[in-house]
Each structure stands twice: as C-alpha cells, then as structure tokens.
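Okay, start-v6.cif now, which holds mmCIF, C-alpha atoms and all ligand atoms:
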```
data_data
#
loop_
_atom_site.label_atom_id
_atom_site.label_comp_id
_atom_site.auth_asym_id
_atom_site.auth_seq_id
_atom_site.Cartn_x
_atom_site.Cartn_y
_atom_site.Cartn_z
CA MET A 1 92.09 21.87 74.25
CA ALA A 2 90.55 19.86 77.03
CA VAL A 3 89.06 22.66 79.05
CA GLN A 4 89.11 26.38 78.40
CA VAL A 5 88.45 29.09 80.96
CA THR A 6 87.52 32.59 79.83
CA PHE A 7 87.75 35.38 82.37
CA LEU A 8 84.68 37.51 81.65
CA GLY A 9 84.91 39.75 84.67
CA THR A 10 87.92 40.27 86.91
CA GLY A 11 86.95 43.37 88.86
CA ASP A 12 85.45 43.94 92.28
CA ALA A 13 81.99 45.33 93.08
CA PHE A 14 83.25 48.81 92.09
CA SER A 15 84.47 47.68 88.66
CA SER A 16 87.89 49.02 89.66
CA GLY A 17 90.11 49.71 86.70
CA GLY A 18 87.08 49.49 84.40
CA ARG A 19 86.93 45.73 84.83
CA HIS A 20 83.68 43.80 84.58
CA GLN A 21 82.25 42.22 87.71
CA ALA A 22 82.74 38.52 88.46
CA GLY A 23 82.17 35.98 85.70
CA TYR A 24 84.19 33.01 84.37
CA LEU A 25 83.19 30.64 81.63
CA VAL A 26 84.48 27.08 81.79
CA HIS A 27 83.90 24.98 78.70
CA ASP A 28 85.14 21.67 77.39
CA GLY A 29 83.66 21.77 73.91
CA THR A 30 80.46 20.09 75.08
CA THR A 31 79.41 21.74 78.32
CA SER A 32 79.64 25.41 79.32
CA VAL A 33 79.61 26.37 82.97
CA LEU A 34 79.39 29.99 84.06
CA LEU A 35 80.96 30.68 87.45
CA ASP A 36 79.15 33.73 88.83
CA ALA A 37 77.24 36.31 86.83
CA GLY A 38 78.06 39.89 87.80
CA SER A 39 75.99 42.75 86.47
CA SER A 40 77.72 43.03 83.10
CA THR A 41 78.44 39.37 82.37
CA LEU A 42 76.19 39.33 79.31
CA GLY A 43 77.97 42.35 77.85
CA SER A 44 81.34 40.81 78.54
CA MET A 45 80.34 37.58 76.78
CA LYS A 46 79.40 39.57 73.71
CA GLN A 47 82.67 41.52 73.89
CA GLN A 48 84.56 38.22 73.93
CA GLY A 49 82.54 36.74 71.06
CA ILE A 50 80.97 34.08 73.28
CA ASP A 51 77.47 32.98 72.40
CA PRO A 52 75.39 33.36 75.60
CA ALA A 53 73.12 30.55 74.39
CA THR A 54 75.88 28.03 75.05
CA VAL A 55 75.62 28.33 78.84
CA ASP A 56 74.30 25.09 80.35
CA LEU A 57 74.89 25.65 84.04
CA VAL A 58 75.47 28.72 86.22
CA LEU A 59 77.21 28.26 89.56
CA ILE A 60 76.71 31.18 91.92
CA SER A 61 79.20 31.56 94.77
CA HIS A 62 77.13 33.93 96.88
CA LEU A 63 74.23 36.32 96.65
CA HIS A 64 76.00 39.65 96.35
CA GLY A 65 75.12 41.80 93.35
CA ASP A 66 78.55 41.68 91.74
CA HIS A 67 78.19 37.87 91.58
CA PHE A 68 74.57 37.23 90.60
CA SER A 69 72.88 40.42 89.40
CA GLY A 70 73.67 39.58 85.76
CA LEU A 71 71.15 36.74 85.76
CA PRO A 72 68.10 38.87 84.83
CA PHE A 73 69.92 40.04 81.71
CA LEU A 74 70.71 36.47 80.74
CA PHE A 75 67.01 35.69 81.17
CA LEU A 76 66.08 38.64 78.93
CA GLU A 77 68.58 37.46 76.33
CA TYR A 78 67.03 34.00 76.37
CA ILE A 79 63.49 35.39 76.16
CA PHE A 80 63.92 37.99 73.43
CA GLU A 81 67.21 37.51 71.60
CA HIS A 82 68.06 33.81 71.59
CA LYS A 83 64.61 32.39 72.39
CA ARG A 84 65.96 29.62 74.52
CA GLN A 85 63.95 26.44 74.86
CA ARG A 86 66.28 24.06 76.61
CA PRO A 87 66.44 24.28 80.40
CA LEU A 88 68.95 26.45 82.24
CA ARG A 89 70.43 25.14 85.46
CA ILE A 90 71.40 27.50 88.24
CA ALA A 91 73.08 26.30 91.42
CA GLY A 92 74.07 28.44 94.36
CA PRO A 93 73.98 28.73 98.13
CA PRO A 94 70.77 28.35 100.14
CA GLY A 95 68.26 31.06 99.18
CA THR A 96 69.42 31.33 95.56
CA GLU A 97 66.08 30.56 93.90
CA GLU A 98 64.10 33.04 96.00
CA ARG A 99 66.68 35.82 95.59
CA VAL A 100 67.04 35.34 91.83
CA TRP A 101 63.30 35.58 91.23
CA ALA A 102 62.99 38.55 93.60
CA LEU A 103 65.76 40.30 91.68
CA PHE A 104 64.15 39.54 88.33
CA ARG A 105 60.79 40.87 89.55
CA ALA A 106 62.49 43.99 90.92
CA VAL A 107 64.22 44.94 87.67
CA TYR A 108 61.73 43.65 85.04
CA ARG A 109 58.40 43.26 86.81
CA ASP A 110 56.38 43.09 83.60
CA VAL A 111 58.52 40.40 81.96
CA ALA A 112 58.87 38.45 85.20
CA SER A 113 55.11 38.25 85.57
CA GLU A 114 54.91 36.02 82.48
CA PRO A 115 56.07 32.38 82.34
CA LEU A 116 59.55 31.97 80.90
CA PRO A 117 59.72 30.07 77.59
CA PHE A 118 62.38 27.80 79.08
CA ALA A 119 62.66 25.96 82.37
CA VAL A 120 65.04 27.11 85.06
CA HIS A 121 66.15 24.33 87.36
CA PHE A 122 67.56 25.54 90.65
CA THR A 123 69.79 23.60 92.97
CA GLU A 124 70.75 24.94 96.35
CA MET A 125 74.19 23.66 97.23
CA ALA A 126 75.06 22.80 100.81
CA PRO A 127 78.63 23.35 101.97
CA GLY A 128 80.51 20.07 102.17
CA ALA A 129 78.02 18.21 99.98
CA PRO A 130 79.56 17.31 96.60
CA ILE A 131 77.10 17.38 93.72
CA SER A 132 77.19 16.46 90.04
CA PHE A 133 75.43 18.11 87.12
CA ASP A 134 75.85 15.56 84.34
CA ALA A 135 79.58 15.65 83.56
CA VAL A 136 80.32 18.56 85.89
CA HIS A 137 81.30 17.70 89.45
CA VAL A 138 81.18 20.42 92.09
CA ASP A 139 82.60 20.36 95.62
CA PRO A 140 81.21 23.42 97.42
CA PHE A 141 82.52 24.61 100.76
CA ARG A 142 81.76 27.60 102.93
CA VAL A 143 84.20 30.50 103.08
CA PRO A 144 84.32 33.48 105.48
CA HIS A 145 82.74 36.35 103.57
CA GLN A 146 79.28 36.86 105.07
CA GLU A 147 78.03 36.13 108.57
CA LYS A 148 74.37 35.25 107.99
CA ASP A 149 74.18 34.23 104.37
CA ILE A 150 76.41 31.43 103.14
CA SER A 151 79.24 32.25 100.74
CA LEU A 152 80.65 29.33 98.82
CA ALA A 153 83.90 28.52 97.13
CA PHE A 154 84.02 25.46 94.95
CA ARG A 155 86.16 22.94 93.19
CA VAL A 156 84.74 22.32 89.75
CA SER A 157 85.82 19.22 87.85
CA VAL A 158 85.04 18.77 84.18
CA ALA A 159 86.69 16.67 81.47
CA GLY A 160 89.45 15.56 83.80
CA ARG A 161 90.46 19.06 84.90
CA THR A 162 89.82 20.62 88.29
CA ILE A 163 89.43 24.32 89.01
CA LEU A 164 89.26 25.87 92.45
CA TYR A 165 87.28 29.12 92.56
CA SER A 166 87.46 31.08 95.80
CA GLY A 167 84.36 33.20 95.30
CA ASP A 168 84.75 36.09 97.78
CA THR A 169 86.46 35.17 101.01
CA GLY A 170 88.64 36.23 103.86
CA TRP A 171 91.68 34.14 104.70
CA THR A 172 90.99 30.49 105.48
CA GLU A 173 93.33 27.50 105.58
CA THR A 174 90.62 25.58 103.74
CA LEU A 175 91.75 27.27 100.53
CA VAL A 176 95.20 25.73 100.97
CA GLU A 177 93.71 22.28 101.57
CA GLN A 178 91.28 22.52 98.67
CA SER A 179 93.91 23.78 96.24
CA HIS A 180 95.81 20.49 96.23
CA GLY A 181 95.60 18.61 92.96
CA THR A 182 93.91 21.43 91.06
CA ASP A 183 94.87 22.57 87.59
CA LEU A 184 93.83 26.18 88.18
CA PHE A 185 93.08 28.30 91.23
CA ILE A 186 91.00 31.38 90.45
CA CYS A 187 91.54 33.38 93.62
CA GLU A 188 90.02 36.64 94.69
CA CYS A 189 92.47 39.36 95.69
CA CYS A 190 90.64 42.56 96.49
CA SER A 191 93.31 44.62 98.12
CA PHE A 192 97.00 45.16 98.63
CA GLU A 193 97.70 47.23 101.72
CA THR A 194 94.26 46.99 103.32
CA ARG A 195 93.66 43.79 105.29
CA MET A 196 90.01 42.77 105.66
CA SER A 197 88.34 39.82 107.34
CA MET A 198 85.98 39.19 104.43
CA HIS A 199 88.40 39.58 101.50
CA LEU A 200 91.91 38.50 100.59
CA ASP A 201 94.89 40.80 100.25
CA TYR A 202 97.99 40.30 98.13
CA PRO A 203 100.66 40.04 100.86
CA ARG A 204 98.73 37.23 102.57
CA LEU A 205 98.45 35.30 99.30
CA ALA A 206 102.08 35.94 98.37
CA GLU A 207 103.39 34.63 101.70
CA ASN A 208 101.28 31.49 101.28
CA ARG A 209 101.80 31.04 97.53
CA SER A 210 104.13 28.04 97.87
CA ARG A 211 101.55 26.22 100.02
CA PHE A 212 98.87 26.21 97.33
CA GLY A 213 99.02 22.90 95.53
CA THR A 214 97.74 24.14 92.20
CA LYS A 215 99.37 24.11 88.78
CA ARG A 216 98.40 27.72 88.06
CA MET A 217 97.08 30.46 90.31
CA ILE A 218 95.41 33.56 88.88
CA LEU A 219 94.32 36.54 90.96
CA THR A 220 90.98 38.16 90.23
CA HIS A 221 88.28 40.39 91.81
CA LEU A 222 90.98 43.04 91.72
CA GLY A 223 90.35 46.26 93.60
CA HIS A 224 91.89 49.68 93.15
CA GLU A 225 94.92 48.94 95.34
CA MET A 226 95.79 45.98 93.15
CA GLN A 227 95.54 48.17 90.05
CA ALA A 228 97.77 50.83 91.59
CA ARG A 229 100.47 48.42 92.80
CA ARG A 230 100.38 45.88 90.00
CA SER A 231 104.11 46.31 89.27
CA GLU A 232 104.84 44.80 92.71
CA VAL A 233 102.61 41.77 92.18
CA GLU A 234 104.41 38.51 91.41
CA ILE A 235 101.41 36.21 91.13
CA GLU A 236 99.60 36.17 87.78
CA MET A 237 96.80 38.75 87.62
CA ALA A 238 93.74 38.19 85.46
CA THR A 239 92.49 40.57 82.81
CA ASP A 240 89.03 40.66 81.28
CA GLY A 241 89.10 38.41 78.23
CA LEU A 242 91.98 36.25 79.44
CA THR A 243 91.62 32.72 78.13
CA VAL A 244 93.38 29.80 79.77
CA ASP A 245 93.66 26.29 78.31
CA LEU A 246 93.92 23.49 80.84
ZN ZN A 301 82.48 40.32 95.05
#
```

With the file now loaded, output its structure as structure tokens.
Amino acid sequence: MAVQVTFLGTGDAFSSGGRHQAGYLVHDGTTSVLLDAGSSTLGSMKQQGIDPATVDLVLISHLHGDHFSGLPFLFLEYIFEHKRQRPLRIAGPPGTEERVWALFRAVYRDVASEPLPFAVHFTEMAPGAPISFDAVHVDPFRVPHQEKDISLAFRVSVAGRTILYSGDTGWTETLVEQSHGTDLFICECCSFETRMSMHLDYPRLAENRSRFGTKRMILTHLGHEMQARRSEVEIEMATDGLTVDL
C-alpha cells in the first residue's frame, strides 16, 4: 500500500440514504490527511476503526456545515478523549480560521473559552497558489459553488500519488484539466435529473467521463436522486467505509 483513501462520508448535506456528510481520509502510513470534516466525521472514523488521533492535517474545501462542522467534535476528542499535544494543521479557503473558532464558540462556548492543550495552525489557501505541508502537496483552485465565499477543489499529492477532490461545485472545464495525471478523482455528484449551477449531476459527468484523465473516478456527495437511480449509474459510486488503495 502506498496510499490509502477511506471514504468516511459520502452523503450530501441532507445525509441522503443515511450516509455521513463529507469526509475522506488519505494516509500513506506516515501522514494522515482529512479532506473535509462534515458533522459526523468523528463518528464515522470510529465506525471505521480509524484512530482520530492520527490526523495530521485537515483540508477544508469550503465553509458549508456539511464540510467543516465536524471540527468542533474533533477538538473535543483531542481535549477530553485523546489529550492531544502535537499541533493540528487546518487549511481551507479565506476566512477558515475565523469561521472555525466562531463555530466552536457557538457550540461549546465554555470549552472554547479555555486555551486548547494543543496548537492549531491555520493556513488560508488561495486559489491557484500551490502549497506544501511537509510531504503533502496541495494545488487548490476555485470552483463554482458559492458566489461570495470561495469554494475550493484541490489536487492532493502524497507519496507519489495524486488525488483530485472536487469539493462541491457546479460544472467547470477546470475539473477536466485538473484531472489529468491523477490516480483518483473523488467527484461530487449531488443529483441525477435535477441540473443545478452549484452542483454536479450524473448525466453531465457521464457524458464527460472519457475526458477525465484519471485512473479511477468515484462519485460522492450523493443526493436522494442518485440513491433512487443508482441502477442506471455506470460510474463507480462511493459508499461510507469504502477503502481504496492507490
Ligand atoms: Zn456539500
């Protein structure tokens, strides 16, 4: 195993089909990177037998609750259950640090008023500005999902493998360009028959499937239409707990 990806949460904001909200753990035996942290990411880790203490770096695609509202529960875990001492790194779009602390204060005001026993190092990622976190290289780019706030997708390279993660996005040719040379494309696919400007639908992805230059494409962030019409879907669909070796 060079790199393993565990799908912790493959549902949309409504947890359609009983799926957890967004969360994907990428690990190479040395470093663990969590891509997004939906509300129940901690619970999903425990379901999958993954030790939450192993997370080194969290990459947040955008500041919607189904992608970052699990962070306060990770903090609680590290304060009370695992007593973390080593720093935690969190990187996300502009505004991440302020929004994460505001969220923590909103849901656990008493705990958030005390200093954390571990350092949290925030990095705000600018679209188009590649950045490295030790052995993890990230190429973030903006995708059409929100008008004011910035939503990111990113290519994540670790241990010689490259993963493209779409975050939440409407259709953009940039996904085709960025998919080239990747080992895995984790691509959101909210809907089937409903076409939206801020999310992807299955027919659009299916008609473009041959243009994506990735070794393996897996659909995630699956809404109720995708659950209902899954027998018609010919691209691989994720399930919570799916593990992929790259
Ligand atoms: Zn979402």

Contacts of stretch 123-136 of chain A at 7 Å or less, counting all atoms listed in the file, minus same-chain residues fewer than 6 places along, as an MDAnalysis selection string?
chainID A and resid 90:94 96 142 156:158

Save out the residues we just selected, C-alpha atoms, as a CSV table (one decimal), in the coordinates of the input.
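File written: again.csv
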```csv
chain,number,residue,atom,x,y,z
A,90,ILE,CA,71.4,27.5,88.2
A,91,ALA,CA,73.1,26.3,91.4
A,92,GLY,CA,74.1,28.4,94.4
A,93,PRO,CA,74.0,28.7,98.1
A,94,PRO,CA,70.8,28.4,100.1
A,96,THR,CA,69.4,31.3,95.6
A,142,ARG,CA,81.8,27.6,102.9
A,156,VAL,CA,84.7,22.3,89.8
A,157,SER,CA,85.8,19.2,87.8
A,158,VAL,CA,85.0,18.8,84.2
```

Return the single residue from A:Leu164, A:Leu184, A:Ala153, A:Val33 that is closest to A:Ser61, with distances computed using only C-alpha atoms.
A:Ala153

Quick check, in Å to one decimal: how far apart do atom CA of A:Glu177 and atom CA of A:Val233 lie?
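Taking atom CA of A:Glu177 as the start and atom CA of A:Val233 as the end point, the length is 23.4 Å.
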
Judged by all atoms listed in the file, the minimum distance to ligand ZN 301 (chain A) among A:Ser32, A:Gln21, A:Gln48, A:Gln146 is found for A:Gln21

Which residues of chain A come within 6 Å of ligand ZN 301 (chain A), and what is each one's closest atom pair and distance in Å (one decimal), counting all atoms listed in the file, sorted by chain and residue number, as CSV?
```
residue,atom,partner,partner_atom,distance
A:Asp12,CA,A:ZN301,ZN,5.4
A:Ala13,CA,A:ZN301,ZN,5.4
A:Asp66,CA,A:ZN301,ZN,5.3
A:Asp168,CA,A:ZN301,ZN,5.5
```

Could you jot down the atom CA of A:Gly38 to atom CA of A:Asp183 separation for me, Å, one decimal place?
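About the pair atom CA of A:Gly38 and atom CA of A:Asp183: they are 24.1 Å apart.
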
Atom-to-atom span, atom CA of A:Phe104 and atom CA of A:His82, Å
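The value is 18.1 Å.
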
Rank A:Asp149, A:Thr174, A:Arg155, A:Leu71 by their smallest atom-to-atom distance to A:Arg105, using all atoms listed in the file, and report the top residue only.
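Nearest to A:Arg105: A:Leu71.
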
So, counting only C-alpha atoms, which residue among A:Leu116, A:Leu246, A:Ala2, A:Ala22 is closest to A:Glu188?
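Looking at the shortest contact to A:Glu188, the residue is A:Ala22.
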
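Closest approach to A:Gly23 among A:His121, A:His67, A:His62, A:Arg84: A:His67, based on all atoms listed in the file.
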